[in-house]
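**Student:** For reference, the structure I am asking about is given below.
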Amino acid sequence: MRNLKLTALLGATALAAATGAASAAEFDGVTLQAKLIGGQQYEALYARIGEWEAATGAEVEIISKKNHFELDKEFKSDLAAGTLGWCVGSNHSSFASQYPNLYTDLNPYLSEDFVAEYVPSNLSASKIGDALVMLPRAQFDVSVLYYLKSLYEDADNQAAYKAETGRDLAPPDTWEEYKAQAIFFTDAPNFYGTQYAGKDEAIVGRFYEMIIAEGGQLFNEDWSPAFDSEAGQRALAWFVDLYQAGAVPPGTTSYLWDDLGQGFASGTIALNLDWPGWAGFFNGEDTSKAAGDVGVIVQPQGSAGIRTGWSGHHGFSVTESCENKEAAASLVAWLTNEDSQKLESAGGSLPTRTAVWDHVLETSQSDPFRSEAIAAFQAGSEHAFPAPQTPYWIEATNLIYPELQAAILGDKSIEEALGDASEAVDEMMQENGVY
Amino acid sequence: MTRFRLPAWFVLLLPAIIVLAAVVLIPLLLSLYSSFTSYRLTRPDSLYNWIGTFNYEKAAKSAHFWAAFGRTLLLLTIALNLEMLLGLGLALLVNQVTYGQRALRTIMMFPMMFSPLLVGFQFKFIFNDNVGLVNNALQSLGLSNTAIPWLVDGQLAFFSILVAEMWSSTSVFAILILAGLFAVPRDPIEAAKVDGCTPWQSFRHITLPYIMPFIYIALAIRSLDVARAYDIVQIMTNGGPARRTELIWTMIGRTGYVDAKMGYANAMGYISIFLAIFFTIYFFRKLNAARAELGMGG
């Protein structure tokens, strides 16, 4: 009876709830348990949960706060143990396809107008089939090129580079030029031309975007591996050549995003392909030795004339087993509505709503670095493409990355490494009945 | 008519049997069963998908699995021997101390109080190629002008993990051997001195046989520990790069919790349990032999 009443009440106010303007006491007595991504940079948004609670009368209990890799393990354990009493979970476009049955389709709880306010490409990367399994928040990620400006302004560098290559020294627009410059700038062990993520999903993602920039594909349409190709070899050779030339720190094969961010901020890396969340950090007086010397431009292109653009975004989802899906959907809508996205993107992250993009561009005019960064990211986002939408993406990355590392470290030839990785992924896909 | 009564011994044992069944036997049987299924964490229904010995055959045919198995065995052999030797040396030194021995014993136990995860983070930082203590010290002292990739090169990474393992657990040996040293009777040692034995002879023929049972107990405990080494390696290298430091349990952990293939992970787990069983039996036989030698019964 109580449920019926609640449904009726919610039905009447669904539109208002969906637009984030929830009416008072709408969800009185409802308690939602949430598992959210943790980190200092996300706290400002979570502070807004209190406002939603005050407006709706509901209560939110955050029962887990971890990074996405840890949350991923927890979600899998929850699925196995059937402990799915919680309602709202942080999600990520690179992980979402792994849990096709965990989250509910949000379409029935949101108005079409509200949904149309998100950037269409972000929205389509938030779906599994037709089901909208998450609402994207202002944490859109695509990598652009950060570089140290002083290196390019140095007259000696300009002359030496011209003498060595016959070309003018300018921030690179192709990955081949990037490689040449990285090798040129290297003065190991104190200064390196570049660095890259060297393990787990991170390096496979980088390889994935590089193979696309080289005109290839990671998977065929039937999800059989397609990377054991000439484009694949060219893509992997980029990583191998930089490592063998000593233009990256020797420990780069164990680096993940934090190591890379700290590395560039230490002022000892010339060129760095990195995510938007780092922009403020790299140029912050208190956080970075490179502050004031950071340039940002759109990411370079591969030999096929295509720019890299592996992208992803954070989002919030509602579980299928949630008892108060309407309330949960209202919370998720609130956390990703225009005000929330304005708040989050003020910290430097990229929005996923069209109106907020305009707002961000407008407000960044007064800050030259921020407007340079936003312009680069806006240009970068035009070339963005999501991670392969298969539930076996993470499993495939776990098979591919040790082989990429083996080639980079010289344990295997490029051909051998790609051949072995392709064979392993093929076997895994067949075992899972994909084809 | 007499009421059926359970035998008294059984009734007395029943609480223990129930507890053991609940916390040991049932999870063990469930995991054994799941190793014969295609169980994936993300698809609970797959627990009922019986696939026979497929997972075991797959593990038996996997070169990566056997390489990890071999590496675990190597780590176990080297770590146990070095820890035993260092622990023995440490115990002998501490045993000589007459003033402040209690404080020394407490300090010796400090590494055991650290969570293996913390030890992993600590040594990951120490051996970091860029900002790590070791490389910075070597470069400042002018001993090296390159960034030595401690956690990247296969042998150096193995060495780094070994150092972390030894740092955290040598004291287990030291404490147990020290307990053994306290139990060595003074009479035979003094008699040996009177008979003109050298310190080495009295150590080799009197002290060592007395502390051997303690050494074997420490070896048995640590062999189980190292055979399931996970935390330190997971943090320091995560089995990489390029599987160069992959041990059985880092591989099983990734298969089970990241790839969600719990059936296959359990099958690999069951195969590797034989390693632990083998070492336990081996060291317990040695322990019994050492006790028999001391006339303490076989």
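Each chain in the structure tokens gets a letter, A, B, ..., in the order shown, and its residues are numbered from 1; ligands are numbered from 1 in order too.
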May I ask you to extract the residues of chain A within 8 Å of chain B, using only C-alpha atoms, and to give them as JSON, numbers by chain?

**Tutor:** {"A": [72, 73, 76, 77, 79, 80, 98, 99, 188, 189, 199, 249, 250, 251, 253, 254, 394, 395, 398, 401, 402, 403, 404, 405, 406, 409]}

**Student:** Applying 8 Å and only C-alpha atoms, which residues near Cys322 of chain A remain after dropping the ones on its own chain fewer than 3 positions away? List them as a list in words.

**Tutor:** Leu84, Gly85, Trp86, Cys87, Val318, Thr319, Lys325 and Ala328 of chain A

**Student:** Just how far from atom CA of Gly142 of chain B is atom CA of Trp167 of chain B, in Å to one decimal?

**Tutor:**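 Interatomic distance, atom CA of Trp167 of chain B to atom CA of Gly142 of chain B: 26.1 Å.
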
**Student:** Looking at only C-alpha atoms, which of B:Phe173, B:Phe4, B:Tyr230, B:Trp200 is the one that sits closest to Gly89 of chain B?

**Tutor:**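 Distance minimum relative to Gly89 of chain B lands on B:Phe173.
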
**Student:** Name the residues in contact with Phe114 of chain B at a cut-off of 12 Å, using only C-alpha atoms, excluding same-chain residues fewer than 2 positions from it; report them as a ChimeraX atom specification.

**Tutor:** /B:109-112,116-122,164-165,167-169,232

**Student:** Counting only C-alpha atoms, which residue out of B:Thr170, B:Gln201, B:Thr72, B:Ser144 sits closest to Phe158 of chain B?

**Tutor:** B:Thr72

**Student:** Find the residues near Ala179 of chain B: any atom within 12 Å, counting only C-alpha atoms, skip ones fewer than 2 places away on the same chain, and give them as a list in words.

**Tutor:**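 Those residues are Gly87, Leu88, Ala91, Leu92, Val94, Asn95, Arg105, Val172, Phe173, Ala174, Ile175, Leu176, Ile177, Leu181, Phe182, Ala183, Val184, Tyr210, Ile211, Met212, Pro213, Phe214, Ile215, Ile217 and Ala218 of chain B.
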
**Student:** Could you save the residues just selected, with C-alpha atoms, as a CSV table (one decimal), in the first residue's frame?

**Tutor:**
chain,number,residue,atom,x,y,z
B,87,GLY,CA,67.0,-15.4,11.9
B,88,LEU,CA,69.5,-17.9,13.4
B,91,ALA,CA,68.8,-15.1,17.6
B,92,LEU,CA,72.4,-16.1,18.4
B,94,VAL,CA,70.4,-11.5,20.9
B,95,ASN,CA,71.0,-14.6,23.0
B,105,ARG,CA,63.3,-8.8,21.4
B,172,VAL,CA,59.5,-15.0,12.9
B,173,PHE,CA,62.6,-17.2,12.7
B,174,ALA,CA,64.6,-15.2,15.1
B,175,ILE,CA,61.9,-15.3,17.8
B,176,LEU,CA,61.2,-19.0,17.5
B,177,ILE,CA,64.9,-19.9,17.4
B,181,LEU,CA,68.0,-21.3,22.5
B,182,PHE,CA,66.5,-20.5,25.9
B,183,ALA,CA,65.5,-24.2,26.2
B,184,VAL,CA,69.0,-25.6,25.5
B,210,TYR,CA,68.4,-28.8,20.3
B,211,ILE,CA,67.0,-25.9,18.2
B,212,MET,CA,66.3,-27.9,15.1
B,213,PRO,CA,62.7,-28.7,16.1
B,214,PHE,CA,62.1,-24.9,16.5
B,215,ILE,CA,63.7,-24.2,13.1
B,217,ILE,CA,58.3,-25.3,13.1
B,218,ALA,CA,59.3,-21.9,11.8

**Student:** Show which residues sit within 8 Å of Ala220 of chain B, as an mmCIF file with N, CA and C atoms, in the first residue's frame. Count only C-alpha atoms, and ignore same-chain residues fewer than 3 positions away.

**Tutor:**
data_model
loop_
_atom_site.group_PDB
_atom_site.id
_atom_site.type_symbol
_atom_site.label_atom_id
_atom_site.label_comp_id
_atom_site.auth_asym_id
_atom_site.auth_seq_id
_atom_site.Cartn_x
_atom_site.Cartn_y
_atom_site.Cartn_z
ATOM 1 N N TYR B 216 62.397 -26.147 12.355
ATOM 2 C CA TYR B 216 61.436 -26.795 11.450
ATOM 3 C C TYR B 216 60.019 -26.258 11.628
ATOM 4 N N ILE B 217 59.684 -25.932 12.870
ATOM 5 C CA ILE B 217 58.345 -25.346 13.087
ATOM 6 C C ILE B 217 58.269 -23.998 12.359
ATOM 7 N N SER B 223 56.714 -21.524 5.335
ATOM 8 C CA SER B 223 56.516 -22.091 3.990
ATOM 9 C C SER B 223 55.062 -21.904 3.562
ATOM 10 N N LEU B 224 54.147 -22.048 4.544
ATOM 11 C CA LEU B 224 52.731 -21.821 4.216
ATOM 12 C C LEU B 224 52.506 -20.355 3.869
ATOM 13 N N PHE B 279 55.024 -29.157 1.376
ATOM 14 C CA PHE B 279 56.014 -28.566 2.281
ATOM 15 C C PHE B 279 55.666 -28.829 3.750
ATOM 16 N N THR B 280 54.375 -28.814 4.064
ATOM 17 C CA THR B 280 53.978 -29.065 5.451
ATOM 18 C C THR B 280 54.391 -30.481 5.860
ATOM 19 N N PHE B 283 58.284 -30.732 6.178
ATOM 20 C CA PHE B 283 58.876 -30.135 7.373
ATOM 21 C C PHE B 283 58.437 -30.852 8.647
ATOM 22 N N PHE B 284 57.220 -31.387 8.664
ATOM 23 C CA PHE B 284 56.795 -32.110 9.863
ATOM 24 C C PHE B 284 57.548 -33.430 10.017
#

**Student:** Please, what distance in Å, to one decimal, runs between atom CA of Arg102 of chain B and atom CA of Leu208 of chain B?

**Tutor:**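 Atom CA of Leu208 of chain B lies 23.0 Å from atom CA of Arg102 of chain B.
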
**Student:** Fewer than 3 positions away in the same chain doesn't count, so skip those; otherwise give me all residues within 8 Å of segment 266-276 of chain A, counting only C-alpha atoms, as a PyMOL selection string.

**Tutor:** chain A and resi 141-148+151+178+182+185+190-196+261-263+279+288-290+299+348-350+377

**Student:** Would you mind exporting N, CA and C atoms of the selected residues as a tab-separated table (two decimals), in the first residue's frame?

**Tutor:**
chain	number	residue	atom	x	y	z
A	141	ASP	N	36.29	12.30	-19.71
A	141	ASP	CA	37.74	12.19	-19.85
A	141	ASP	C	38.14	11.89	-21.28
A	142	VAL	N	38.97	12.76	-21.82
A	142	VAL	CA	39.66	12.45	-23.07
A	142	VAL	C	41.03	13.10	-22.88
A	143	SER	N	42.06	12.45	-23.42
A	143	SER	CA	43.41	12.96	-23.14
A	143	SER	C	43.89	13.90	-24.23
A	144	VAL	N	44.51	15.00	-23.79
A	144	VAL	CA	45.16	15.90	-24.74
A	144	VAL	C	46.63	16.02	-24.35
A	145	LEU	N	47.35	16.81	-25.12
A	145	LEU	CA	48.79	16.89	-24.91
A	145	LEU	C	49.17	18.08	-24.01
A	146	TYR	N	49.80	17.76	-22.89
A	146	TYR	CA	50.40	18.78	-22.03
A	146	TYR	C	51.90	18.81	-22.37
A	147	TYR	N	52.47	19.99	-22.41
A	147	TYR	CA	53.91	20.06	-22.68
A	147	TYR	C	54.53	21.24	-21.94
A	148	LEU	N	55.86	21.22	-21.80
A	148	LEU	CA	56.56	22.31	-21.13
A	148	LEU	C	56.91	23.37	-22.18
A	151	LEU	N	60.66	24.62	-23.15
A	151	LEU	CA	61.52	23.80	-24.02
A	151	LEU	C	61.42	24.26	-25.47
A	178	TYR	N	56.02	13.44	-32.23
A	178	TYR	CA	56.03	13.37	-30.76
A	178	TYR	C	57.18	12.47	-30.31
A	182	ALA	N	60.38	13.55	-28.17
A	182	ALA	CA	60.59	12.95	-26.84
A	182	ALA	C	62.02	12.44	-26.73
A	185	PHE	N	64.42	15.49	-26.42
A	185	PHE	CA	64.44	16.22	-25.14
A	185	PHE	C	65.05	15.41	-24.00
A	190	ASN	N	67.72	12.43	-15.32
A	190	ASN	CA	67.09	13.59	-14.68
A	190	ASN	C	65.90	14.16	-15.44
A	191	PHE	N	65.87	13.91	-16.74
A	191	PHE	CA	64.79	14.49	-17.54
A	191	PHE	C	64.43	13.53	-18.67
A	192	TYR	N	63.13	13.30	-18.83
A	192	TYR	CA	62.68	12.36	-19.87
A	192	TYR	C	61.76	13.05	-20.86
A	193	GLY	N	61.81	12.56	-22.11
A	193	GLY	CA	60.99	13.15	-23.16
A	193	GLY	C	59.51	12.96	-22.92
A	194	THR	N	59.14	11.76	-22.46
A	194	THR	CA	57.74	11.51	-22.18
A	194	THR	C	57.62	10.34	-21.21
A	195	GLN	N	56.41	9.82	-21.05
A	195	GLN	CA	56.11	8.68	-20.17
A	195	GLN	C	54.76	8.16	-20.63
A	196	TYR	N	54.45	6.93	-20.28
A	196	TYR	CA	53.09	6.43	-20.57
A	196	TYR	C	52.66	5.44	-19.50
A	261	GLY	N	50.80	11.67	-13.44
A	261	GLY	CA	50.47	13.04	-13.06
A	261	GLY	C	51.57	13.65	-12.19
A	262	GLN	N	52.00	12.88	-11.20
A	262	GLN	CA	53.06	13.37	-10.31
A	262	GLN	C	54.36	13.59	-11.11
A	263	GLY	N	54.60	12.70	-12.08
A	263	GLY	CA	55.81	12.79	-12.88
A	263	GLY	C	55.86	14.09	-13.68
A	279	ALA	N	44.69	19.26	-15.26
A	279	ALA	CA	45.06	20.59	-15.76
A	279	ALA	C	45.40	21.55	-14.62
A	288	SER	N	52.73	21.89	-8.43
A	288	SER	CA	53.52	21.49	-9.58
A	288	SER	C	54.73	22.39	-9.81
A	289	LYS	N	55.84	21.74	-10.09
A	289	LYS	CA	57.04	22.52	-10.42
A	289	LYS	C	56.96	23.07	-11.84
A	290	ALA	N	56.01	22.56	-12.62
A	290	ALA	CA	55.86	23.02	-14.00
A	290	ALA	C	54.89	24.19	-14.10
A	299	GLN	N	45.33	16.50	-28.89
A	299	GLN	CA	46.20	15.32	-28.98
A	299	GLN	C	46.65	15.08	-30.43
A	348	GLY	N	37.71	21.97	-12.90
A	348	GLY	CA	38.59	21.65	-14.03
A	348	GLY	C	38.16	20.43	-14.82
A	349	SER	N	37.19	19.67	-14.33
A	349	SER	CA	36.77	18.48	-15.09
A	349	SER	C	35.80	18.88	-16.20
A	350	LEU	N	35.61	17.99	-17.16
A	350	LEU	CA	34.80	18.34	-18.33
A	350	LEU	C	33.35	17.92	-18.17
A	377	PHE	N	40.65	20.78	-24.85
A	377	PHE	CA	39.79	19.64	-24.53
A	377	PHE	C	38.53	19.62	-25.38

**Student:** Give me, as a PyMOL selection string, all polymer residues having an atom no more than 9 Å from Leu294 of chain B, counting only C-alpha atoms and skipping those fewer than 4 positions away in the same chain.

**Tutor:** chain B and resi 209-210+289-290

**Student:** Convert the current residue selection to file output with C-alpha atoms, as a PDB file, in the first residue's frame.

**Tutor:**
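Below is the file that was written, selection_23.pdb:
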ATOM      1  CA  PRO B 209      70.319 -30.328  17.356  1.00  0.00           C
ATOM      2  CA  TYR B 210      68.411 -28.781  20.279  1.00  0.00           C
ATOM      3  CA  ALA B 289      63.159 -36.835  12.934  1.00  0.00           C
ATOM      4  CA  ALA B 290      64.834 -33.980  14.844  1.00  0.00           C
TER       5      ALA B 290
END

**Student:** Can you tell me, as a VMD selection string, which residues in segment 9-144 of chain B count as alpha helix (DSSP H) by DSSP?

**Tutor:** chain B and resid 9 to 20 26 to 34 54 to 61 63 to 96 101 to 108 110 to 113 116 to 126 133 to 140

**Student:** Restricting it to C-alpha atoms, dump the selection as an mmCIF file, in the first residue's frame.

**Tutor:**
data_model
loop_
_atom_site.group_PDB
_atom_site.id
_atom_site.type_symbol
_atom_site.label_atom_id
_atom_site.label_comp_id
_atom_site.auth_asym_id
_atom_site.auth_seq_id
_atom_site.Cartn_x
_atom_site.Cartn_y
_atom_site.Cartn_z
ATOM 1 C CA TRP B 9 32.542 -38.406 23.148
ATOM 2 C CA PHE B 10 30.554 -37.431 20.096
ATOM 3 C CA VAL B 11 28.372 -34.993 22.008
ATOM 4 C CA LEU B 12 31.467 -33.399 23.495
ATOM 5 C CA LEU B 13 33.063 -33.071 20.095
ATOM 6 C CA LEU B 14 29.891 -31.868 18.395
ATOM 7 C CA PRO B 15 30.367 -28.109 18.949
ATOM 8 C CA ALA B 16 33.869 -28.329 17.488
ATOM 9 C CA ILE B 17 32.616 -30.389 14.561
ATOM 10 C CA ILE B 18 29.811 -27.922 13.830
ATOM 11 C CA VAL B 19 32.142 -24.915 13.980
ATOM 12 C CA LEU B 20 34.744 -26.623 11.807
ATOM 13 C CA ILE B 26 31.538 -25.994 3.778
ATOM 14 C CA PRO B 27 33.515 -23.144 2.120
ATOM 15 C CA LEU B 28 36.146 -25.697 1.128
ATOM 16 C CA LEU B 29 33.600 -28.030 -0.462
ATOM 17 C CA LEU B 30 31.819 -25.126 -2.151
ATOM 18 C CA SER B 31 35.038 -23.840 -3.678
ATOM 19 C CA LEU B 32 36.006 -27.388 -4.713
ATOM 20 C CA TYR B 33 32.609 -27.784 -6.381
ATOM 21 C CA SER B 34 32.856 -24.388 -8.096
ATOM 22 C CA PHE B 54 37.898 -28.278 -17.939
ATOM 23 C CA ASN B 55 39.345 -25.701 -15.512
ATOM 24 C CA TYR B 56 41.937 -28.162 -14.224
ATOM 25 C CA GLU B 57 42.957 -29.162 -17.749
ATOM 26 C CA LYS B 58 43.210 -25.505 -18.719
ATOM 27 C CA ALA B 59 45.440 -24.719 -15.735
ATOM 28 C CA ALA B 60 47.559 -27.847 -16.345
ATOM 29 C CA LYS B 61 48.131 -26.753 -19.948
ATOM 30 C CA ALA B 63 52.472 -22.153 -19.417
ATOM 31 C CA HIS B 64 51.740 -18.935 -17.480
ATOM 32 C CA PHE B 65 50.336 -20.922 -14.562
ATOM 33 C CA TRP B 66 53.335 -23.246 -14.341
ATOM 34 C CA ALA B 67 55.749 -20.332 -14.717
ATOM 35 C CA ALA B 68 54.011 -18.636 -11.758
ATOM 36 C CA PHE B 69 54.077 -21.953 -9.872
ATOM 37 C CA GLY B 70 57.830 -22.318 -10.494
ATOM 38 C CA ARG B 71 58.467 -18.717 -9.475
ATOM 39 C CA THR B 72 56.543 -19.215 -6.226
ATOM 40 C CA LEU B 73 58.616 -22.326 -5.508
ATOM 41 C CA LEU B 74 61.833 -20.417 -6.190
ATOM 42 C CA LEU B 75 60.792 -17.511 -3.951
ATOM 43 C CA LEU B 76 59.819 -19.983 -1.252
ATOM 44 C CA THR B 77 63.131 -21.833 -1.394
ATOM 45 C CA ILE B 78 65.350 -18.764 -1.405
ATOM 46 C CA ALA B 79 63.290 -16.750 1.095
ATOM 47 C CA LEU B 80 63.036 -19.607 3.601
ATOM 48 C CA ASN B 81 66.746 -20.406 3.515
ATOM 49 C CA LEU B 82 67.883 -16.802 3.805
ATOM 50 C CA GLU B 83 65.337 -15.969 6.496
ATOM 51 C CA MET B 84 66.393 -19.053 8.441
ATOM 52 C CA LEU B 85 70.090 -18.157 8.268
ATOM 53 C CA LEU B 86 69.516 -14.493 9.146
ATOM 54 C CA GLY B 87 67.020 -15.406 11.880
ATOM 55 C CA LEU B 88 69.477 -17.879 13.354
ATOM 56 C CA GLY B 89 72.258 -15.281 13.326
ATOM 57 C CA LEU B 90 69.973 -12.681 14.883
ATOM 58 C CA ALA B 91 68.793 -15.088 17.585
ATOM 59 C CA LEU B 92 72.368 -16.120 18.444
ATOM 60 C CA LEU B 93 73.406 -12.479 18.742
ATOM 61 C CA VAL B 94 70.429 -11.492 20.870
ATOM 62 C CA ASN B 95 71.004 -14.564 23.041
ATOM 63 C CA GLN B 96 74.457 -13.215 23.917
ATOM 64 C CA GLN B 101 67.475 -8.199 25.836
ATOM 65 C CA ARG B 102 63.756 -7.719 26.389
ATOM 66 C CA ALA B 103 63.814 -4.363 24.603
ATOM 67 C CA LEU B 104 65.778 -5.929 21.743
ATOM 68 C CA ARG B 105 63.271 -8.767 21.433
ATOM 69 C CA THR B 106 60.425 -6.263 21.236
ATOM 70 C CA ILE B 107 62.231 -4.185 18.599
ATOM 71 C CA MET B 108 62.951 -7.369 16.646
ATOM 72 C CA PHE B 110 58.375 -4.606 14.971
ATOM 73 C CA PRO B 111 58.348 -5.763 11.319
ATOM 74 C CA MET B 112 55.854 -8.477 12.242
ATOM 75 C CA MET B 113 53.464 -5.803 13.464
ATOM 76 C CA PRO B 116 51.972 -6.818 4.578
ATOM 77 C CA LEU B 117 50.176 -4.143 2.560
ATOM 78 C CA LEU B 118 52.124 -1.426 4.355
ATOM 79 C CA VAL B 119 55.352 -3.346 3.863
ATOM 80 C CA GLY B 120 54.520 -3.544 0.152
ATOM 81 C CA PHE B 121 53.917 0.218 -0.116
ATOM 82 C CA GLN B 122 57.046 0.968 1.893
ATOM 83 C CA PHE B 123 59.306 -1.120 -0.332
ATOM 84 C CA LYS B 124 57.564 0.008 -3.497
ATOM 85 C CA PHE B 125 58.638 3.515 -2.571
ATOM 86 C CA ILE B 126 62.131 2.461 -1.486
ATOM 87 C CA LEU B 133 65.406 5.881 -1.600
ATOM 88 C CA VAL B 134 67.751 3.251 -3.030
ATOM 89 C CA ASN B 135 68.316 4.967 -6.365
ATOM 90 C CA ASN B 136 68.630 8.385 -4.774
ATOM 91 C CA ALA B 137 71.167 7.055 -2.278
ATOM 92 C CA LEU B 138 73.156 5.322 -5.021
ATOM 93 C CA GLN B 139 73.128 8.446 -7.184
ATOM 94 C CA SER B 140 74.040 10.777 -4.287
#

**Student:** If you run DSSP over the backbone, which residues in segment 148-196 of chain A end up strand (DSSP E or B)? Put them as a PyMOL selection string.

**Tutor:** chain A and resi 148+174+187+191-192

**Student:** Please compute the atom CA of Ala355 of chain A-atom CA of Lys342 of chain A distance, one decimal, in Å.

**Tutor:** 9.4 Å
